[in-house]
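One structure is given here, and the rest of the page talks about it.
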Amino acid sequence: MHITVNSENCIIRAGSTVLDAIESSNAPYSPGSSVGIVKHTENVKASEVKEYLLTTTKGDIRIELIDPKSPLAKQWHTNYRNYEGISFRWGTKSALAFGPFSEDLVPTRKEIHANRDEVFFGAGGFDPSNYHLIFSLTPHTATYGTPEGGAFARVVAGKQVLSGLSEGDSIVSIEPVIEWEKEGDHLLTNDVSVKLEDGDQLYTYIHVEMDAEAPEGVDHFFSLIEEDGTFNIDYASSSFIADSRLLGEACAYENFEARKTGSVWVRTVGYGTGKFFISRDDRTASIMHSVIGHVTDGIELVNMAQKGHNLFVRTSPEPLKLLGIGFEKAKQILESRGIELIPDGYQGDDAIIVSIEPQTTIEILANGSVKATGVPKDAVVEVELYDNLAPKTLDFFRHATSMNFKPVGSLNLIMKYGNTFLFKADKEAEKYKEILPENTSKNKANAMEIGVTNQAAKRAGVIGVKTVDDNLFGSTGEKFSSTNIIGKVLEPEKLENLEEGDTMYIMERRK
């Protein structure tokens, strides 16, 4: 029988299940994530096309018509096939052009005030037989022989592709993006044993193109999906779906942009800070929400999804994961992506990378190189954390040590006396994260267990470890009732050589 898997045609035997289709097509999928099935009875129609997908020799660019009913938009509707195959002709820091082609439009000699990402026609020498399709890269003013009406579209996805185009590239094809109406039968399920029928459409993932204008927000999103690669929906409305797992974690505001259908954005201030959204419809730009990417494949899953579903996510670019690994492995990762590794600090065979500069994937890719600082393996201590016993305190701990976003955290040894080691993190998270009594010590502090002084004592936020059992005081030297137990040190021998003022790096051992 004939089906489609992520819009690709596929022939499978009658009676095949979702899993059979995934395996035979090698479709991106994460076990346990939700897949969407649109039945062959689904009524799909193009109502009024607003977006077009331009496939170039370097990748896909998606444009949206500013006013689909304008004369220039209608010209595009009618003739867009004529622009397939046109080649890159020229580029500046402000704009680039593809052409030439003839068009029955009247050029003007007026200056055009172009905004970033706008698309317009321009006639070289004001000659209608020498028209070009021009993409604005920066806000600027110029005379391009543009007809009345100016810009007729804007780039909404593929901006990185656009900036990488040069001589020898061309527009291979142009396709309208058809909106499907939610009529007929469709199913979103994580049951891969569901049997498919002839004509079914299967969707297994969403692809998000990250926005180069939001490097910190992009890494914030990478942290959200890092554990299992999914967007976990805890709220769904007619306008958006949301994932609140990073609620309360501050994220920089970077990109003021209209939140079009498929836009991925994060709230940066006020209630809901750190929460991620994916738009189901068009929304205006907001000074509280920074756009960090756009769904380019799998919008059907976004439209179907409801609370409780998890959507598998692929991104472009993929994150660069360098912290917590050695230089040789990091070199292999970076060489495969054309990036130079600049080693710093300790560089022995047992070195572990604990910091990088630049710190974000987008900036590293743009820079073409990254400085990575290593320390000996003996300086990195593995710990086990008690998520089920002390979730609130671990929220403080991971935030203070940056382990909520990085696999390697750090603690500064502020005091060492007898068998007690006391640490503080660089971030003073106790000023905005509560540390209420939770999983407190009872009648004994166990050796190598990690304690955090809670708000019942003055020194809230201090982190402590004792190397031997103690029946009098908790791990931080406070009363048992003032000490929350959050985990244990798995490599006690690595504490022996620490001195006051030293930094101890920590990594969580996953079961």
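Ligands are numbered from 1 in the order shown, residues from 1 within each chain, and chains are lettered A, B, ... in the order they appear in the structure tokens.
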
Item to complete: Once DSSP has gone over the backbone, tell me which residues of segment 409-485 of chain A are in strand (DSSP E or B), as a ChimeraX atom specification.
Response: /A:409-417,420-424,440,445,449-453,463-466,470,483-485

Residue subset to file, keeping N, CA, C and O atoms, as a compact mmCIF listing (two decimals), in the first residue's frame:
# COMPACT_ATOMS: atom_id res chain seq x y z
N GLY A 409 29.38 21.08 36.23
CA GLY A 409 29.16 22.20 37.14
C GLY A 409 30.43 22.48 37.94
O GLY A 409 31.41 21.73 37.87
N SER A 410 30.40 23.56 38.69
CA SER A 410 31.59 23.89 39.48
C SER A 410 31.19 24.42 40.85
O SER A 410 30.14 25.06 41.01
N LEU A 411 32.03 24.11 41.85
CA LEU A 411 31.85 24.59 43.23
C LEU A 411 33.19 25.09 43.74
O LEU A 411 34.24 24.48 43.46
N ASN A 412 33.17 26.18 44.48
CA ASN A 412 34.39 26.74 45.06
C ASN A 412 34.51 26.30 46.52
O ASN A 412 33.56 26.45 47.30
N LEU A 413 35.65 25.73 46.90
CA LEU A 413 35.87 25.32 48.28
C LEU A 413 36.18 26.54 49.13
O LEU A 413 37.21 27.19 48.96
N ILE A 414 35.25 26.88 50.04
CA ILE A 414 35.42 28.09 50.85
C ILE A 414 36.00 27.78 52.23
O ILE A 414 36.55 28.66 52.88
N MET A 415 35.85 26.53 52.69
CA MET A 415 36.37 26.18 54.00
C MET A 415 36.59 24.67 54.09
O MET A 415 35.78 23.89 53.59
N LYS A 416 37.70 24.31 54.72
CA LYS A 416 38.03 22.89 54.93
C LYS A 416 38.53 22.75 56.36
O LYS A 416 39.53 23.36 56.75
N TYR A 417 37.80 21.98 57.16
CA TYR A 417 38.25 21.77 58.54
C TYR A 417 37.89 20.35 58.97
O TYR A 417 36.80 19.86 58.68
N THR A 420 35.32 17.99 57.20
CA THR A 420 34.23 18.73 56.55
C THR A 420 34.75 19.63 55.44
O THR A 420 35.74 20.35 55.61
N PHE A 421 34.08 19.58 54.29
CA PHE A 421 34.38 20.44 53.15
C PHE A 421 33.14 21.30 52.87
O PHE A 421 32.04 20.77 52.68
N LEU A 422 33.31 22.62 52.86
CA LEU A 422 32.20 23.54 52.59
C LEU A 422 32.44 24.27 51.27
O LEU A 422 33.53 24.78 51.02
N PHE A 423 31.40 24.31 50.44
CA PHE A 423 31.48 24.90 49.10
C PHE A 423 30.42 25.97 48.90
O PHE A 423 29.36 25.96 49.53
N LYS A 424 30.73 26.88 47.96
CA LYS A 424 29.74 27.84 47.45
C LYS A 424 29.83 27.85 45.93
O LYS A 424 30.91 27.69 45.36
N THR A 440 15.71 16.26 55.01
CA THR A 440 16.72 16.66 55.98
C THR A 440 17.36 15.44 56.65
O THR A 440 16.79 14.35 56.69
N ALA A 445 24.77 12.35 59.89
CA ALA A 445 25.22 12.76 58.56
C ALA A 445 26.07 11.64 58.00
O ALA A 445 27.11 11.29 58.58
N GLU A 449 27.78 12.09 51.70
CA GLU A 449 26.51 12.63 51.21
C GLU A 449 26.62 14.15 51.12
O GLU A 449 27.28 14.80 51.93
N ILE A 450 25.94 14.72 50.10
CA ILE A 450 26.02 16.16 49.84
C ILE A 450 24.84 16.84 50.52
O ILE A 450 23.67 16.47 50.29
N GLY A 451 25.13 17.82 51.35
CA GLY A 451 24.08 18.55 52.03
C GLY A 451 24.03 20.00 51.61
O GLY A 451 25.05 20.57 51.18
N VAL A 452 22.86 20.61 51.70
CA VAL A 452 22.68 22.04 51.41
C VAL A 452 21.99 22.68 52.60
O VAL A 452 20.94 22.19 53.06
N THR A 453 22.57 23.74 53.13
CA THR A 453 21.93 24.45 54.25
C THR A 453 20.65 25.10 53.77
O THR A 453 20.65 25.87 52.81
N ILE A 463 26.99 24.51 50.63
CA ILE A 463 26.97 23.10 50.25
C ILE A 463 28.11 22.39 50.97
O ILE A 463 29.24 22.89 51.00
N GLY A 464 27.82 21.24 51.58
CA GLY A 464 28.84 20.58 52.38
C GLY A 464 28.89 19.08 52.20
O GLY A 464 27.91 18.44 51.81
N VAL A 465 30.09 18.53 52.47
CA VAL A 465 30.32 17.08 52.43
C VAL A 465 31.21 16.72 53.61
O VAL A 465 32.20 17.41 53.89
N LYS A 466 30.87 15.63 54.31
CA LYS A 466 31.73 15.10 55.36
C LYS A 466 32.33 13.78 54.88
O LYS A 466 31.66 12.98 54.24
N ASP A 470 28.83 11.43 60.91
CA ASP A 470 28.80 12.38 62.02
C ASP A 470 27.45 12.30 62.70
O ASP A 470 26.41 12.49 62.05
N THR A 483 19.71 20.91 57.29
CA THR A 483 20.54 20.35 56.22
C THR A 483 19.72 19.45 55.30
O THR A 483 19.24 18.39 55.73
N ASN A 484 19.54 19.88 54.05
CA ASN A 484 18.85 19.07 53.05
C ASN A 484 19.86 18.17 52.35
O ASN A 484 20.89 18.65 51.89
N ILE A 485 19.56 16.89 52.25
CA ILE A 485 20.47 15.93 51.61
C ILE A 485 20.04 15.76 50.16
O ILE A 485 18.92 15.36 49.87

Discussion item. So that I can check the surroundings of Gln359 of chain A, please list as a list in words every protein, DNA and RNA residue that reaches within 10 Å of it, counting only C-alpha atoms and ignoring chain neighbours fewer than 4 positions away.
Written reply: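 Counting only the stated atoms, we get Pro215, Glu216, Asp219, Leu320, Ser355, Glu363, Ile364, Val370, Lys371 and Ala372 of chain A.
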
Fill in: From A:Ala457, A:Leu436, A:Ile362, A:Glu491, residue lying nearest Lys377 of chain A [only C-alpha atoms]
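Ranked by minimum distance to Lys377 of chain A, first place goes to A:Glu491.
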
Discussion item. Using only C-alpha atoms for the distances, tell me which of A:Ala242, A:Ala447, A:Ala379, A:Val468 is nearest to Asn497 of chain A.
Written reply: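 Closest to Asn497 of chain A of all the choices is A:Ala379.
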
Closest atom pairs, residues of segment 11-110 of chain A within 7 Å of segment 136-141 of chain A, only C-alpha atoms, as CSV:
residue,atom,partner,partner_atom,distance
A:Lys93,CA,A:Leu137,CA,7.0
A:Ser94,CA,A:Leu137,CA,5.0
A:Ala95,CA,A:Ser136,CA,4.4
A:Leu96,CA,A:Ser136,CA,6.8

Discussion item. I need the residues in segment 354-397 of chain A that are helix (DSSP H, G or I) according to DSSP; give them as a PyMOL selection string.
Written reply: chain A and resi 361-367+377-379+391-397

If you keep N, CA and C atoms, can you produce a file of those selected residues as a CSV table (one decimal), in the first residue's frame?
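Contents of again_9.csv, as written:
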chain,number,residue,atom,x,y,z
A,361,THR,N,26.5,27.5,20.5
A,361,THR,CA,26.7,26.8,19.2
A,361,THR,C,26.7,27.8,18.1
A,362,ILE,N,25.7,28.7,18.1
A,362,ILE,CA,25.6,29.6,17.0
A,362,ILE,C,26.8,30.5,16.8
A,363,GLU,N,27.4,31.0,18.0
A,363,GLU,CA,28.6,31.8,17.9
A,363,GLU,C,29.8,31.0,17.5
A,364,ILE,N,29.9,29.7,17.9
A,364,ILE,CA,31.0,28.9,17.5
A,364,ILE,C,31.0,28.7,16.0
A,365,LEU,N,29.8,28.4,15.5
A,365,LEU,CA,29.7,28.1,14.1
A,365,LEU,C,30.1,29.4,13.3
A,366,ALA,N,29.6,30.5,13.8
A,366,ALA,CA,29.9,31.8,13.1
A,366,ALA,C,31.4,32.1,13.2
A,367,ASN,N,32.0,31.8,14.3
A,367,ASN,CA,33.4,32.2,14.5
A,367,ASN,C,34.3,31.2,13.8
A,377,LYS,N,41.3,14.8,34.8
A,377,LYS,CA,40.2,14.0,35.2
A,377,LYS,C,40.0,13.9,36.7
A,378,ASP,N,41.1,14.0,37.5
A,378,ASP,CA,41.1,14.0,38.9
A,378,ASP,C,40.4,15.2,39.5
A,379,ALA,N,40.3,16.3,38.7
A,379,ALA,CA,39.7,17.5,39.2
A,379,ALA,C,38.2,17.5,39.0
A,391,PRO,N,13.8,17.2,45.1
A,391,PRO,CA,13.6,17.9,43.8
A,391,PRO,C,13.7,19.5,43.9
A,392,LYS,N,13.2,20.1,44.9
A,392,LYS,CA,13.2,21.5,45.0
A,392,LYS,C,14.6,22.0,45.3
A,393,THR,N,15.3,21.3,46.2
A,393,THR,CA,16.7,21.7,46.5
A,393,THR,C,17.6,21.5,45.3
A,394,LEU,N,17.4,20.5,44.6
A,394,LEU,CA,18.2,20.2,43.4
A,394,LEU,C,17.9,21.2,42.3
A,395,ASP,N,16.8,21.8,42.3
A,395,ASP,CA,16.5,22.9,41.4
A,395,ASP,C,17.4,24.1,41.7
A,396,PHE,N,17.6,24.4,43.0
A,396,PHE,CA,18.5,25.4,43.4
A,396,PHE,C,20.0,25.0,43.0
A,397,PHE,N,20.3,23.8,43.4
A,397,PHE,CA,21.7,23.3,43.2
A,397,PHE,C,22.1,23.3,41.7

Fill in: Near-Asp60 of chain A list (12 Å; only C-alpha atoms; drop same-chain fewer than 5 positions) as number ranges by chain
A: 52-55, 155-165, 170-175, 209, 296-297, 316

Fill in: Residue contacts of Val194 of chain A (9 Å, only C-alpha atoms) excluding same-chain residues fewer than 4 positions away, as a list of chain:residue names
A:Ser16, A:Thr17, A:Val18, A:Leu19, A:Thr189

Compile the contact shell of segment 222-226 of chain A as a PDB file with N, CA and C atoms, in the first residue's frame: residues with an atom at most 9 Å away, counting only C-alpha atoms, same-chain residues fewer than 6 positions apart removed.
ATOM      1  N   ASN A 232       7.984  18.615  25.264  1.00  0.00           N
ATOM      2  CA  ASN A 232       6.950  18.011  26.097  1.00  0.00           C
ATOM      3  C   ASN A 232       5.819  19.009  26.328  1.00  0.00           C
ATOM      4  N   ASP A 243       5.951  24.196  26.471  1.00  0.00           N
ATOM      5  CA  ASP A 243       6.738  23.293  27.308  1.00  0.00           C
ATOM      6  C   ASP A 243       7.322  24.129  28.440  1.00  0.00           C
ATOM      7  N   ARG A 245       9.231  23.086  31.160  1.00  0.00           N
ATOM      8  CA  ARG A 245      10.258  22.440  31.986  1.00  0.00           C
ATOM      9  C   ARG A 245      11.359  23.394  32.443  1.00  0.00           C
ATOM     10  N   LEU A 246      11.594  24.485  31.706  1.00  0.00           N
ATOM     11  CA  LEU A 246      12.615  25.454  32.122  1.00  0.00           C
ATOM     12  C   LEU A 246      11.983  26.718  32.705  1.00  0.00           C
ATOM     13  N   PHE A 276       8.837  27.778  26.857  1.00  0.00           N
ATOM     14  CA  PHE A 276       8.929  27.765  25.399  1.00  0.00           C
ATOM     15  C   PHE A 276       7.563  27.511  24.762  1.00  0.00           C
ATOM     16  N   PHE A 312       9.104  14.609  19.017  1.00  0.00           N
ATOM     17  CA  PHE A 312      10.533  14.473  18.757  1.00  0.00           C
ATOM     18  C   PHE A 312      11.002  15.640  17.894  1.00  0.00           C
ATOM     19  N   VAL A 313      12.158  16.222  18.261  1.00  0.00           N
ATOM     20  CA  VAL A 313      12.652  17.434  17.610  1.00  0.00           C
ATOM     21  C   VAL A 313      14.027  17.184  16.993  1.00  0.00           C
ATOM     22  N   THR A 315      17.005  19.616  14.937  1.00  0.00           N
ATOM     23  CA  THR A 315      17.322  21.034  14.761  1.00  0.00           C
ATOM     24  C   THR A 315      18.419  21.226  13.730  1.00  0.00           C
ATOM     25  N   GLU A 318      22.566  21.333  14.592  1.00  0.00           N
ATOM     26  CA  GLU A 318      22.524  20.502  15.775  1.00  0.00           C
ATOM     27  C   GLU A 318      23.460  21.104  16.825  1.00  0.00           C
ATOM     28  N   PRO A 319      23.186  20.870  18.114  1.00  0.00           N
ATOM     29  CA  PRO A 319      24.041  21.465  19.152  1.00  0.00           C
ATOM     30  C   PRO A 319      25.441  20.881  19.152  1.00  0.00           C
ATOM     31  N   ASN A 404      21.997  22.911  35.221  1.00  0.00           N
ATOM     32  CA  ASN A 404      20.706  22.857  34.520  1.00  0.00           C
ATOM     33  C   ASN A 404      20.895  23.027  33.019  1.00  0.00           C
ATOM     34  N   PHE A 405      22.027  23.616  32.592  1.00  0.00           N
ATOM     35  CA  PHE A 405      22.283  23.826  31.175  1.00  0.00           C
ATOM     36  C   PHE A 405      23.574  23.160  30.688  1.00  0.00           C
ATOM     37  N   LYS A 406      24.410  22.714  31.604  1.00  0.00           N
ATOM     38  CA  LYS A 406      25.707  22.158  31.222  1.00  0.00           C
ATOM     39  C   LYS A 406      25.945  20.838  31.949  1.00  0.00           C
TER      40      LYS A 406
END

Practice prompt. Pick out the closest residue to Asn190 of chain A from this set: A:Thr273, A:Ser402, A:Ser481, A:Thr204. Count only C-alpha atoms.
Written response: A:Thr204

Worksheet item: Using only C-alpha atoms, which residue out of A:Leu105, A:Val218, A:Ile287, A:Leu188 lies closest to Leu202 of chain A?
Response: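 Smallest distance to Leu202 of chain A is found for A:Leu188.
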
Practice prompt. Tell me which protein, DNA and RNA residues are within 10 Å of segment 256-270 of chain A, counting only C-alpha atoms, leaving out same-chain ones fewer than 3 positions away, and put them as a ChimeraX atom specification.
Written response: /A:64,156-157,206,208-211,213-214,217-218,220-221,239-243,246-253,273-300,302-303

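Counting only C-alpha atoms, the residue from A:Arg116, A:Leu133, A:Glu340, A:Ser33 that sits nearest to Tyr80 of chain A is A:Leu133.
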
Worksheet item: Which is closer to Gly461 of chain A than all the others in A:Asn9, A:Thr401, A:Asn446, A:Thr503, using only C-alpha atoms?
Response: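 Closest candidate: A:Thr401.
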
Practice prompt. Could you please determine the separation between atom CA of Ile66 of chain A and atom CA of Glu84 of chain A in Å, to one decimal place?
Written response: 20.8 Å

Worksheet entry | One-decimal distance in Å that lies between atom CA of Ile353 of chain A and atom CA of Leu341 of chain A | 11.7 Å

Worksheet entry | Coordinates-based distance that separates atom CA of Pro71 of chain A from atom CA of Glu51 of chain A (Å, one decimal) |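 One can read the atom CA of Glu51 of chain A to atom CA of Pro71 of chain A distance as 16.1 Å.
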